[in-house]
file structure16.cif (mmCIF, C-alpha atoms)
data_run
#
loop_
_atom_site.label_atom_id
_atom_site.label_comp_id
_atom_site.auth_asym_id
_atom_site.auth_seq_id
_atom_site.Cartn_x
_atom_site.Cartn_y
_atom_site.Cartn_z
CA MET A 1 -22.76 61.78 -17.21
CA SER A 2 -22.25 60.94 -20.82
CA VAL A 3 -20.06 58.24 -22.26
CA ASN A 4 -17.94 59.17 -25.23
CA LEU A 5 -17.91 56.08 -27.40
CA PHE A 6 -14.44 56.69 -28.78
CA LYS A 7 -12.65 58.18 -25.76
CA ASP A 8 -14.15 56.00 -23.05
CA VAL A 9 -14.71 52.69 -24.85
CA ALA A 10 -12.73 52.20 -28.04
CA LYS A 11 -9.53 53.96 -27.06
CA PRO A 12 -8.87 51.98 -23.83
CA ILE A 13 -9.62 48.75 -25.64
CA MET A 14 -7.18 49.63 -28.40
CA ALA A 15 -4.57 50.64 -25.83
CA GLY A 16 -5.02 47.31 -24.05
CA PHE A 17 -4.69 45.25 -27.21
CA GLY A 18 -1.70 47.40 -28.13
CA ILE A 19 0.21 45.97 -25.19
CA THR A 20 -0.72 42.45 -26.30
CA ARG A 21 0.49 43.19 -29.84
CA ARG A 22 3.78 44.67 -28.62
CA ARG A 23 4.43 41.72 -26.35
CA LEU A 24 3.72 39.30 -29.18
CA GLN A 25 6.25 41.05 -31.39
CA GLN A 26 8.87 41.17 -28.65
CA ARG A 27 8.19 37.62 -27.57
CA THR A 28 11.24 36.06 -29.11
CA SER A 29 13.72 38.68 -27.99
CA LYS A 30 12.78 40.50 -24.80
CA TYR A 31 9.95 38.43 -23.34
CA LYS A 32 10.62 34.74 -23.70
CA ASP A 33 7.90 32.12 -23.49
CA VAL A 34 7.30 31.60 -19.82
CA THR A 35 5.46 28.28 -19.97
CA VAL A 36 7.52 25.18 -19.25
CA GLN A 37 6.28 22.43 -21.55
CA TYR A 38 6.59 20.02 -18.68
CA PRO A 39 6.48 16.40 -19.88
CA GLU A 40 8.70 17.16 -22.88
CA GLN A 41 10.81 19.87 -21.35
CA ARG A 42 11.79 20.18 -17.71
CA ARG A 43 12.67 23.29 -15.84
CA GLU A 44 16.00 23.47 -14.12
CA GLN A 45 15.54 22.60 -10.46
CA TYR A 46 17.04 24.92 -7.88
CA PRO A 47 20.30 23.66 -6.32
CA ARG A 48 18.74 23.09 -2.91
CA THR A 49 15.59 21.38 -4.15
CA ARG A 50 14.76 18.37 -2.00
CA TRP A 51 12.78 15.44 -3.35
CA LYS A 52 13.20 11.68 -3.39
CA HIS A 53 15.82 10.25 -1.06
CA ALA A 54 18.80 8.18 -2.11
CA LEU A 55 21.05 5.99 0.03
CA LYS A 56 24.64 6.49 -1.04
CA ARG A 57 27.60 4.16 -1.33
CA TYR A 58 31.33 4.67 -1.04
CA ASP A 59 33.41 4.24 -4.16
CA SER A 60 34.33 0.78 -2.93
CA GLY A 61 30.67 -0.23 -3.06
CA LEU A 62 30.17 -0.32 0.71
CA GLU A 63 27.01 1.38 1.93
CA LYS A 64 27.47 4.63 3.78
CA CYS A 65 24.50 3.95 6.06
CA ILE A 66 25.57 2.48 9.42
CA GLY A 67 22.06 1.95 10.75
CA CYS A 68 22.31 4.48 13.60
CA SER A 69 18.67 5.67 13.27
CA LEU A 70 19.61 9.31 13.75
CA CYS A 71 17.61 10.14 10.64
CA ALA A 72 14.57 8.43 12.14
CA GLY A 73 15.08 10.43 15.31
CA ALA A 74 15.38 13.72 13.45
CA CYS A 75 12.36 13.11 11.25
CA PRO A 76 9.48 15.38 12.30
CA ALA A 77 6.92 13.26 10.48
CA ARG A 78 8.28 9.94 11.86
CA CYS A 79 8.30 8.45 8.41
CA ILE A 80 11.66 6.63 8.54
CA TYR A 81 12.12 3.14 9.93
CA VAL A 82 15.59 1.70 10.37
CA GLU A 83 16.49 -1.76 11.57
CA ALA A 84 20.19 -2.35 12.12
CA ALA A 85 22.24 -5.52 12.14
CA GLU A 86 25.88 -6.29 12.84
CA ASN A 87 28.36 -6.59 10.02
CA THR A 88 30.35 -9.77 10.01
CA ASP A 89 33.61 -10.51 8.25
CA GLY A 90 31.78 -12.84 5.90
CA GLU A 91 28.96 -10.43 5.11
CA ARG A 92 30.08 -6.84 5.13
CA TYR A 93 27.66 -4.22 3.85
CA SER A 94 28.78 -0.95 5.39
CA ALA A 95 32.01 0.60 6.57
CA GLY A 96 30.91 0.80 10.20
CA GLU A 97 30.15 -1.87 12.76
CA ARG A 98 26.50 -2.09 11.81
CA TYR A 99 24.40 -1.68 8.69
CA ALA A 100 20.74 -1.09 7.98
CA VAL A 101 19.11 -4.42 7.28
CA ARG A 102 15.77 -2.66 6.73
CA TYR A 103 15.44 0.96 5.73
CA GLU A 104 11.95 2.18 4.90
CA ILE A 105 10.62 5.63 4.18
CA ASN A 106 6.92 6.34 4.04
CA MET A 107 7.11 8.70 1.10
CA ILE A 108 3.52 9.83 1.49
CA ARG A 109 4.15 11.08 5.02
CA CYS A 110 7.57 12.56 4.35
CA ILE A 111 7.59 16.33 4.10
CA PHE A 112 11.00 16.54 2.40
CA CYS A 113 12.43 18.83 5.08
CA GLY A 114 15.93 17.36 4.74
CA TYR A 115 16.49 16.93 8.49
CA CYS A 116 17.49 13.31 7.89
CA GLN A 117 20.21 14.53 5.56
CA ASP A 118 21.41 17.01 8.20
CA ALA A 119 21.37 14.41 10.94
CA CYS A 120 23.22 11.70 9.04
CA PRO A 121 26.81 11.38 10.36
CA THR A 122 28.10 9.60 7.28
CA GLY A 123 26.20 11.48 4.56
CA ALA A 124 24.41 8.29 3.58
CA ILE A 125 20.99 9.75 2.90
CA VAL A 126 20.71 12.51 0.34
CA LEU A 127 17.58 14.13 -1.00
CA GLU A 128 17.78 14.29 -4.75
CA LYS A 129 15.73 16.02 -7.39
CA ASP A 130 13.42 13.28 -8.67
CA PHE A 131 9.94 14.70 -8.07
CA GLU A 132 7.84 12.25 -10.07
CA LEU A 133 6.49 10.28 -7.15
CA ALA A 134 2.71 10.30 -7.65
CA ASN A 135 1.05 6.90 -7.65
CA TYR A 136 -2.28 5.14 -7.28
CA LYS A 137 -1.97 3.05 -4.15
CA ARG A 138 -0.93 3.87 -0.61
CA GLU A 139 1.10 0.69 -0.35
CA SER A 140 3.37 1.72 -3.20
CA PHE A 141 4.67 4.66 -1.21
CA ILE A 142 6.61 2.59 1.30
CA TYR A 143 10.06 2.91 -0.24
CA THR A 144 12.32 0.07 0.85
CA LYS A 145 16.07 0.00 1.03
CA GLU A 146 16.31 -1.67 -2.36
CA MET A 147 14.37 1.16 -3.96
CA LEU A 148 16.41 3.89 -2.27
CA LEU A 149 19.91 2.46 -2.50
CA ASP A 150 22.18 3.61 -5.31
CA PRO A 151 23.40 0.90 -7.66
CA MET A 152 26.85 -0.60 -7.18
CA PRO A 153 29.60 1.49 -8.75
CA LYS A 154 31.18 -0.12 -11.76
CA MET B 1 -8.96 6.96 32.08
CA PRO B 2 -11.41 6.79 29.19
CA LYS B 3 -9.79 5.54 26.08
CA ARG B 4 -10.97 6.47 22.65
CA VAL B 5 -10.70 3.76 20.06
CA GLU B 6 -11.14 4.66 16.44
CA THR B 7 -11.94 1.92 14.02
CA ILE B 8 -11.31 2.99 10.49
CA ILE B 9 -12.73 0.91 7.73
CA LEU B 10 -10.25 1.14 4.95
CA HIS B 11 -11.38 0.70 1.42
CA ASP B 12 -9.83 0.38 -1.94
CA SER B 13 -9.54 3.13 -4.46
CA SER B 14 -12.71 4.02 -6.35
CA THR B 15 -11.82 3.16 -9.90
CA PRO B 16 -9.59 0.11 -10.11
CA VAL B 17 -6.43 0.38 -12.15
CA ILE B 18 -6.69 -2.01 -15.03
CA GLY B 19 -3.64 -3.21 -16.86
CA ASP B 20 -2.71 -2.00 -20.30
CA THR B 21 -4.02 -5.14 -21.91
CA GLN B 22 -7.56 -4.58 -23.09
CA LYS B 23 -9.57 -7.77 -23.03
CA GLY B 24 -11.64 -8.62 -26.04
CA GLY B 25 -14.73 -6.55 -26.64
CA ASN B 26 -17.11 -5.30 -29.24
CA VAL B 27 -15.58 -3.06 -31.90
CA VAL B 28 -18.27 -0.45 -31.34
CA ILE B 29 -17.93 -0.54 -27.58
CA THR B 30 -14.13 -0.36 -27.60
CA SER B 31 -14.06 2.58 -30.00
CA LEU B 32 -16.75 4.30 -27.97
CA ASP B 33 -14.64 3.56 -24.91
CA PHE B 34 -11.65 5.16 -26.56
CA LEU B 35 -13.58 8.27 -27.58
CA LEU B 36 -15.23 8.72 -24.20
CA ASN B 37 -11.99 8.19 -22.33
CA GLN B 38 -10.09 10.61 -24.52
CA ALA B 39 -12.79 13.22 -24.00
CA ARG B 40 -12.86 12.66 -20.27
CA ALA B 41 -9.12 12.51 -19.78
CA ASN B 42 -8.41 15.64 -21.75
CA SER B 43 -11.00 17.84 -20.10
CA LEU B 44 -10.66 17.10 -16.41
CA TRP B 45 -12.22 20.07 -14.70
CA PRO B 46 -10.90 20.30 -11.19
CA LEU B 47 -12.84 21.47 -8.21
CA THR B 48 -11.19 24.13 -6.14
CA PHE B 49 -10.69 22.55 -2.78
CA GLY B 50 -7.73 24.39 -1.38
CA LEU B 51 -7.40 23.73 2.33
CA ALA B 52 -3.90 24.97 3.11
CA CYS B 53 -0.55 25.92 1.62
CA CYS B 54 -0.84 23.27 -1.11
CA ALA B 55 -3.53 25.49 -2.62
CA ILE B 56 -0.87 28.07 -3.42
CA GLU B 57 1.01 25.53 -5.50
CA MET B 58 -2.28 24.43 -7.06
CA MET B 59 -2.95 28.02 -8.13
CA SER B 60 0.59 28.28 -9.43
CA THR B 61 0.00 25.13 -11.50
CA VAL B 62 -2.84 26.84 -13.33
CA ALA B 63 -0.87 30.06 -13.86
CA SER B 64 1.13 30.79 -16.98
CA ARG B 65 4.48 29.28 -15.93
CA PHE B 66 3.16 25.73 -15.70
CA ASP B 67 -0.20 26.14 -17.38
CA LEU B 68 -2.44 23.22 -16.54
CA ALA B 69 -4.58 24.34 -19.51
CA ARG B 70 -2.21 22.31 -21.70
CA PHE B 71 -3.91 19.26 -20.19
CA GLY B 72 -7.42 20.67 -20.50
CA SER B 73 -7.77 21.30 -16.79
CA GLU B 74 -7.72 25.06 -16.68
CA ALA B 75 -11.38 25.45 -15.76
CA PHE B 76 -11.33 25.33 -11.97
CA ARG B 77 -14.93 25.15 -10.88
CA ALA B 78 -16.24 26.59 -7.67
CA THR B 79 -19.23 24.29 -7.71
CA PRO B 80 -19.09 20.50 -7.42
CA ARG B 81 -21.88 20.12 -10.00
CA GLN B 82 -19.55 21.06 -12.84
CA ALA B 83 -16.35 19.40 -11.67
CA ASP B 84 -14.79 16.05 -12.63
CA VAL B 85 -11.81 15.81 -10.35
CA MET B 86 -11.43 17.01 -6.81
CA ILE B 87 -7.93 18.14 -5.86
CA ILE B 88 -7.71 17.97 -2.08
CA ALA B 89 -4.94 20.48 -1.49
CA GLY B 90 -3.92 20.68 2.12
CA ARG B 91 -4.48 19.14 5.53
CA LEU B 92 -8.00 17.89 6.08
CA SER B 93 -9.25 18.59 9.58
CA LYS B 94 -11.85 16.36 11.20
CA LYS B 95 -14.23 19.30 11.16
CA MET B 96 -13.79 19.70 7.42
CA ALA B 97 -14.15 15.98 6.64
CA PRO B 98 -17.99 15.90 6.49
CA VAL B 99 -17.96 18.95 4.25
CA LEU B 100 -15.47 17.27 1.91
CA ARG B 101 -17.60 14.14 1.80
CA GLN B 102 -20.74 16.13 1.05
CA ILE B 103 -19.07 18.04 -1.76
CA TYR B 104 -17.69 14.78 -3.15
CA ASP B 105 -21.21 13.32 -3.10
CA GLN B 106 -22.51 16.35 -4.98
CA MET B 107 -20.08 15.84 -7.85
CA PRO B 108 -21.58 14.06 -10.86
CA GLU B 109 -20.24 10.70 -11.99
CA PRO B 110 -17.66 9.96 -13.27
CA LYS B 111 -15.51 11.63 -10.65
CA TRP B 112 -11.95 11.31 -9.46
CA VAL B 113 -9.97 12.54 -6.51
CA ILE B 114 -6.35 13.67 -6.36
CA SER B 115 -4.91 13.83 -2.89
CA MET B 116 -2.28 16.53 -3.08
CA GLY B 117 0.53 16.74 -0.57
CA ALA B 118 1.63 14.80 2.48
CA CYS B 119 -1.10 16.16 4.76
CA ALA B 120 -4.04 15.27 2.54
CA SER B 121 -2.58 11.88 1.69
CA SER B 122 -1.55 10.72 5.13
CA GLY B 123 -1.64 13.51 7.68
CA GLY B 124 2.03 14.36 7.24
CA VAL B 125 3.56 15.90 10.31
CA TYR B 126 0.15 16.57 11.77
CA ASN B 127 -0.29 13.26 13.54
CA ASN B 128 -2.68 14.71 16.08
CA TYR B 129 -6.30 14.80 17.19
CA ALA B 130 -7.42 17.42 14.71
CA ILE B 131 -6.29 16.14 11.34
CA VAL B 132 -7.71 13.23 9.37
CA GLN B 133 -4.83 10.83 8.75
CA GLY B 134 -5.36 10.56 5.03
CA ALA B 135 -8.24 11.90 2.96
CA ASP B 136 -8.93 8.34 1.81
CA GLN B 137 -10.68 7.75 5.12
CA VAL B 138 -13.40 10.06 3.86
CA VAL B 139 -13.41 9.84 0.06
CA PRO B 140 -11.87 7.30 -2.32
CA VAL B 141 -8.61 8.72 -3.63
CA ASP B 142 -7.37 7.88 -7.11
CA VAL B 143 -3.94 9.50 -7.21
CA TYR B 144 -1.71 10.44 -4.30
CA VAL B 145 0.84 13.18 -4.89
CA PRO B 146 3.54 13.30 -2.21
CA GLY B 147 5.45 16.45 -1.38
CA CYS B 148 5.17 19.27 1.09
CA PRO B 149 3.84 20.99 -0.92
CA PRO B 150 4.22 19.22 -4.26
CA SER B 151 5.78 21.56 -6.79
CA PRO B 152 3.60 22.41 -9.81
CA ASP B 153 5.51 19.87 -11.91
CA ALA B 154 4.80 17.17 -9.37
CA LEU B 155 1.09 18.01 -9.40
CA ILE B 156 1.08 17.98 -13.21
CA TYR B 157 2.69 14.54 -13.03
CA GLY B 158 -0.17 13.51 -10.75
CA VAL B 159 -2.71 14.83 -13.25
CA MET B 160 -0.94 12.89 -16.00
CA LYS B 161 -1.12 9.75 -13.87
CA LEU B 162 -4.85 10.36 -13.45
CA GLN B 163 -5.26 10.83 -17.20
CA GLU B 164 -3.56 7.47 -17.73
CA LYS B 165 -6.01 5.91 -15.33
CA VAL B 166 -9.02 7.56 -16.96
CA LYS B 167 -7.91 6.39 -20.39
CA ARG B 168 -7.81 2.78 -19.21
CA ARG B 169 -11.37 2.88 -17.92
CA ARG B 170 -13.91 0.54 -19.49
CA PHE B 171 -17.33 1.56 -20.75
CA ASN B 172 -19.39 -1.09 -19.02
CA GLU B 173 -17.37 -1.10 -15.85
CA ILE B 174 -19.50 -0.89 -12.76
CA ILE B 175 -18.03 1.18 -10.01
CA GLU B 176 -19.09 -0.09 -6.67
CA LEU B 177 -19.28 2.64 -4.13
CA THR B 178 -19.22 0.86 -0.83
CA PRO B 179 -20.12 2.97 2.17
CA ARG B 180 -17.09 4.18 4.02
CA THR B 181 -17.48 5.07 7.64
CA ILE B 182 -15.33 6.26 10.48
CA GLU B 183 -16.53 4.62 13.65
CA GLU B 184 -15.74 6.26 16.91
CA VAL B 185 -16.10 4.09 19.95
CA THR B 186 -15.68 5.38 23.47
CA VAL B 187 -14.69 2.71 25.94
#
call {"tool": "encode", "arguments": {"input": "structure16.cif", "output": "structure tokens"}}
result
Amino acid sequence: MSVNLFKDVAKPIMAGFGITRRRLQQRTSKYKDVTVQYPEQRREQYPRTRWKHALKRYDSGLEKCIGCSLCAGACPARCIYVEAAENTDGERYSAGERYAVRYEINMIRCIFCGYCQDACPTGAIVLEKDFELANYKRESFIYTKEMLLDPMPK
Amino acid sequence: MPKRVETIILHDSSTPVIGDTQKGGNVVITSLDFLLNQARANSLWPLTFGLACCAIEMMSTVASRFDLARFGSEAFRATPRQADVMIIAGRLSKKMAPVLRQIYDQMPEPKWVISMGACASSGGVYNNYAIVQGADQVVPVDVYVPGCPPSPDALIYGVMKLQEKVKRRRFNEIIELTPRTIEEVTV
């Protein structure tokens, strides 16, 4: 078995580099740059992407969460803790009878399945698209109600 | 009925996070610090430690769409002797824990650990007899990346967080590696 230096070695190499050259020329038109330059440029998240939770408010500023703990019951990772308290006429937080006085999510245990969103009867908890959650300490992953709740509408 | 009690000695993270303010130091030492830290932070060679589905996202992070090579971390090493950062990708079973610890011990200093995903960081949904509830019971973890699995962007954010931490490291800082044990007591 003899190896022809041109036919078996040089020609395949040239053919291979030919593809590279063609792709480089067509890069701007047919083949766009595939790499997302992440910190400067972000890719568009898919519409059903689920990341960090947010507790929503009504337009009036009242919290949607009524402290029913259905989200905690639906959570497969058991990462949600809800403590409810009664609304009074003097201090009214939510539209229902009760409100969540403590609402904590262990973000490091959460698997972002969205079952809490499905279970919520008032649509109070919504998983949004903020994925930048990495941190140094375990303790910083307990997200409290203050961290999750949307700001008051203007 | 015999009851199994597990005492877990928790520990702090290996390299402490120091604030942005650099305290006064020698000009030579601080510039050497800066050089060393830049070199270390921009060539973090990860160790392939894919344990589950998170490994797929880890592979995707290195591929052309997200391209971890932009951060100098493209060289995934299959040997701990050449790696700087261990990315624990996936749920860590109790059977795998001694292996993880041994591989961590074989890595040369300075070394860092990224705990990727809910399972590696805390056990996630697998709160059962087989899974270690957090890789930090076995090795000191520097950066936790939540998600199930974390998308490549989220992992890249974790790597950026680690780079920030590496850049803040001091030259003469002594890292105390206290022994970390999992005691199992049968009553």
call {"tool": "resolve_selection", "arguments": {"input": "structure16.cif", "expression": "the PyMOL selection byres ((chain B) within 10 of (chain A))", "output": "JSON, numbers by chain"}}
result
{"B": [12, 13, 16, 17, 63, 64, 65, 66, 67, 68, 70, 114, 115, 116, 117, 118, 119, 120, 121, 122, 123, 124, 125, 126, 127, 133, 134, 136, 141, 142, 143, 144, 145, 146, 147, 148, 149, 150, 151, 152, 153, 154, 155, 156, 157, 158, 159, 160, 161, 162, 165]}
call {"tool": "resolve_selection", "arguments": {"input": "structure16.cif", "expression": "the PyMOL selection byres ((chain A and resi 94) around 8)", "output": "number ranges by chain"}}
result
A: 62-66, 87, 92-93, 95-99
call {"tool": "resolve_selection", "arguments": {"input": "structure16.cif", "expression": "the PyMOL selection byres ((chain A and resi 57) around 9)", "output": "PDB file with C-alpha atoms, in the frame of the given file"}}
result
ATOM      1  CA  LEU A  55      21.050   5.990   0.030  1.00  0.00           C
ATOM      2  CA  LYS A  56      24.640   6.490  -1.040  1.00  0.00           C
ATOM      3  CA  TYR A  58      31.330   4.670  -1.040  1.00  0.00           C
ATOM      4  CA  ASP A  59      33.410   4.240  -4.160  1.00  0.00           C
ATOM      5  CA  SER A  60      34.330   0.780  -2.930  1.00  0.00           C
ATOM      6  CA  GLY A  61      30.670  -0.230  -3.060  1.00  0.00           C
ATOM      7  CA  LEU A  62      30.170  -0.320   0.710  1.00  0.00           C
ATOM      8  CA  GLU A  63      27.010   1.380   1.930  1.00  0.00           C
ATOM      9  CA  LYS A  64      27.470   4.630   3.780  1.00  0.00           C
ATOM     10  CA  CYS A  65      24.500   3.950   6.060  1.00  0.00           C
ATOM     11  CA  SER A  94      28.780  -0.950   5.390  1.00  0.00           C
ATOM     12  CA  ALA A 124      24.410   8.290   3.580  1.00  0.00           C
ATOM     13  CA  LEU A 149      19.910   2.460  -2.500  1.00  0.00           C
ATOM     14  CA  ASP A 150      22.180   3.610  -5.310  1.00  0.00           C
ATOM     15  CA  PRO A 151      23.400   0.900  -7.660  1.00  0.00           C
ATOM     16  CA  MET A 152      26.850  -0.600  -7.180  1.00  0.00           C
ATOM     17  CA  PRO A 153      29.600   1.490  -8.750  1.00  0.00           C
TER      18      PRO A 153
END
call {"tool": "atom_distance", "arguments": {"input": "structure16.cif", "atom1": "atom CA of B:Ser31", "atom2": "atom CA of B:Pro46"}}
result
26.0 Å
call {"tool": "atom_distance", "arguments": {"input": "structure16.cif", "atom1": "atom CA of B:Ala97", "atom2": "atom CA of B:Phe49"}}
result
12.0 Å
call {"tool": "residues_near_point", "arguments": {"input": "structure16.cif", "point": "(-2.7, 21.5, 2.6)", "cutoff": "6 Å", "atoms": "only C-alpha atoms", "output": "NGL selection string"}}
result
:B and (51-54 or 89-91 or 119)
call {"tool": "closest_residue", "arguments": {"input": "structure16.cif", "among": "B:Gln106, B:Thr30, B:Ser73, B:Thr61", "to": "B:Ser43", "atoms": "all atoms listed in the file"}}
result
B:Ser73
call {"tool": "atom_distance", "arguments": {"input": "structure16.cif", "atom1": "atom CA of B:Met107", "atom2": "atom CA of B:Asp84"}}
result
7.1 Å
call {"tool": "closest_residue", "arguments": {"input": "structure16.cif", "among": "A:Ala119, A:Gln41, A:Thr144, A:Pro47", "to": "A:Glu83", "atoms": "all atoms listed in the file"}}
result
A:Thr144
call {"tool": "residues_around", "arguments": {"input": "structure16.cif", "residues": "B:Pro98", "least_positions_apart": "4", "cutoff": "8 Å", "atoms": "only C-alpha atoms", "output": "list in words"}}
result
Lys94, Gln102 and Val138 of chain B
call {"tool": "decode", "arguments": {"input": "structure16.cif", "residues": "stretch 2-20 of chain A", "atoms": "N, CA and C atoms", "output": "short mmCIF file (atom, residue, chain, number, x, y, z; two decimals), in the first residue's frame"}}
result
data_model
loop_
_atom_site.label_atom_id
_atom_site.label_comp_id
_atom_site.auth_asym_id
_atom_site.auth_seq_id
_atom_site.Cartn_x
_atom_site.Cartn_y
_atom_site.Cartn_z
N SER A 2 0.69 2.03 -1.01
CA SER A 2 1.54 3.22 -1.11
C SER A 2 0.67 4.46 -0.91
N VAL A 3 1.28 5.45 -0.34
CA VAL A 3 0.57 6.70 -0.08
C VAL A 3 1.00 7.74 -1.10
N ASN A 4 0.03 8.23 -1.85
CA ASN A 4 0.33 9.29 -2.81
C ASN A 4 0.31 10.62 -2.05
N LEU A 5 1.46 11.29 -2.07
CA LEU A 5 1.60 12.49 -1.23
C LEU A 5 0.60 13.57 -1.61
N PHE A 6 0.33 13.72 -2.89
CA PHE A 6 -0.62 14.76 -3.28
C PHE A 6 -2.06 14.32 -3.06
N LYS A 7 -2.41 13.12 -3.58
CA LYS A 7 -3.81 12.69 -3.58
C LYS A 7 -4.31 12.35 -2.17
N ASP A 8 -3.43 11.72 -1.37
CA ASP A 8 -3.89 11.24 -0.07
C ASP A 8 -3.63 12.22 1.07
N VAL A 9 -2.69 13.13 0.90
CA VAL A 9 -2.33 14.01 2.01
C VAL A 9 -2.69 15.47 1.71
N ALA A 10 -2.12 16.00 0.66
CA ALA A 10 -2.27 17.44 0.42
C ALA A 10 -3.68 17.81 -0.01
N LYS A 11 -4.26 16.97 -0.89
CA LYS A 11 -5.57 17.32 -1.43
C LYS A 11 -6.67 17.36 -0.35
N PRO A 12 -6.75 16.34 0.53
CA PRO A 12 -7.77 16.42 1.60
C PRO A 12 -7.58 17.61 2.52
N ILE A 13 -6.29 17.93 2.78
CA ILE A 13 -6.04 19.07 3.67
C ILE A 13 -6.53 20.35 3.01
N MET A 14 -6.22 20.50 1.72
CA MET A 14 -6.66 21.69 0.99
C MET A 14 -8.18 21.76 0.95
N ALA A 15 -8.80 20.59 0.73
CA ALA A 15 -10.27 20.57 0.69
C ALA A 15 -10.85 21.00 2.02
N GLY A 16 -10.23 20.54 3.11
CA GLY A 16 -10.71 20.89 4.45
C GLY A 16 -10.57 22.37 4.71
N PHE A 17 -9.41 22.93 4.40
CA PHE A 17 -9.21 24.37 4.61
C PHE A 17 -10.07 25.20 3.67
N GLY A 18 -10.43 24.59 2.54
CA GLY A 18 -11.32 25.27 1.60
C GLY A 18 -12.66 25.59 2.23
N ILE A 19 -13.17 24.64 3.01
CA ILE A 19 -14.45 24.88 3.71
C ILE A 19 -14.29 26.03 4.70
N THR A 20 -13.18 26.02 5.43
CA THR A 20 -12.93 27.09 6.39
C THR A 20 -12.89 28.44 5.69
#
